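Read through the structure below, which is laid out as structure tokens, and then see the notes.
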Amino acid sequence: QQTTAPPNARYEIVQSELAAKWTFRLDRFTGHVAQVVETDDGRNLWDEMEVVGTPRISSPTRARFQIFTSGLAARHTFLIDTDTGKTGILVKGKHTHDDGTEYEVSRWQPFDR
């Protein structure tokens with residue numbers, strides 16, 4: 001779900017119809033994305049996501065990124081650079097804590113063509 005952000009709005013929140021865990025805060029100017037996560041003590045916070053292949057925009061002045069999320073499956077969630085058409089797809093991966101235990105992360109990786 002999403003509301004319509006004002007044309008000059010820098011940030012937007014987008015949520016999948018499928019689950020609240022697929023809630024994102026998008027910086028529409030730079031393409032940075034954070035995902036809402038729940039801490040062990042029940043608080044919510046924004047966790048910055050890795051966005052692979054997004055250009056570094058040194059002095060952003062306008063909105064150029066958009067998130068699309070399908071109501072069918074989370075794997076049909078995309079981050080698009082509306083200037084270039086380059087698109088990232090939401091994927092899951094594993095990271096490892098210092099103690100060797102693994103945990104799951106979500107990130108954006110370039111969509112093939």
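By convention in this document, the chains of the structure tokens carry letters A, B, ... by their order, each chain's residues are numbered from 1, and ligands are numbered from 1 in the order they are shown.
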From a backbone DSSP assignment, name each residue in chain A labelled strand (DSSP E), as an MDAnalysis selection string. chainID A and resid 11:15 23:27 33:38 44:48 50:51 65:69 77:81 87:96 102:110
Residues within 6 Å of Phe78 (chain A), please, as an MDAnalysis selection string. Count only C-alpha atoms; anything in the same chain fewer than 3 positions from it doesn't count. chainID A and resid 67:68 88:89
With N, CA and C atoms retained, could you export that selection as a short mmCIF file (atom, residue, chain, number, x, y, z; two decimals), in the first residue's frame?
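Everything below was put into again-v9.cif:
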```
data_model
loop_
_atom_site.label_atom_id
_atom_site.label_comp_id
_atom_site.auth_asym_id
_atom_site.auth_seq_id
_atom_site.Cartn_x
_atom_site.Cartn_y
_atom_site.Cartn_z
N ILE A 67 9.42 2.56 -5.92
CA ILE A 67 9.28 1.14 -5.57
C ILE A 67 7.93 0.66 -6.07
N PHE A 68 7.94 -0.51 -6.70
CA PHE A 68 6.70 -1.20 -7.09
C PHE A 68 6.66 -2.50 -6.32
N GLY A 88 16.14 -2.70 -9.74
CA GLY A 88 16.62 -3.66 -8.76
C GLY A 88 15.46 -4.52 -8.31
N ILE A 89 15.76 -5.76 -7.98
CA ILE A 89 14.75 -6.70 -7.51
C ILE A 89 15.07 -7.06 -6.06
#
```
Which residue, A:Pro55, A:Pro7, A:Leu79, A:Glu104, has the smallest gap to Arg25 (chain A) when you use only C-alpha atoms?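 Of A:Pro55, A:Pro7, A:Leu79, A:Glu104, the one nearest Arg25 (chain A) is A:Leu79, counting only C-alpha atoms.
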Write out as a ChimeraX atom specification which residues come within 12 Å of Tyr103 (chain A) when counting only C-alpha atoms, dropping same-chain ones fewer than 5 positions away. /A:92-98
Mind writing the picked residues with C-alpha atoms as a CSV table (one decimal), in the first residue's frame?
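The result, written out as again.csv:
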```csv
chain,number,residue,atom,x,y,z
A,92,LYS,CA,17.0,-12.5,0.4
A,93,GLY,CA,20.5,-13.3,1.5
A,94,LYS,CA,22.4,-14.5,4.5
A,95,HIS,CA,24.9,-12.6,6.6
A,96,THR,CA,27.0,-13.9,9.4
A,97,HIS,CA,27.3,-12.5,12.9
A,98,ASP,CA,30.8,-12.2,14.5
```
Pick out the residues sitting within 12 Å of Thr61 (chain A), and hand them over as a list in words; count only C-alpha atoms, and ignore anything fewer than 6 positions along from it in its own chain.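 Neighbouring residues, sequence-local ones excluded: Asn8, Ala9, Arg10, Asp27, Arg28, Phe29 and Thr30 of chain A.
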Quick one, how far is CA of Thr39 (chain A) from CA of Leu90 (chain A)?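 Interatomic distance here is 21.6 Å.
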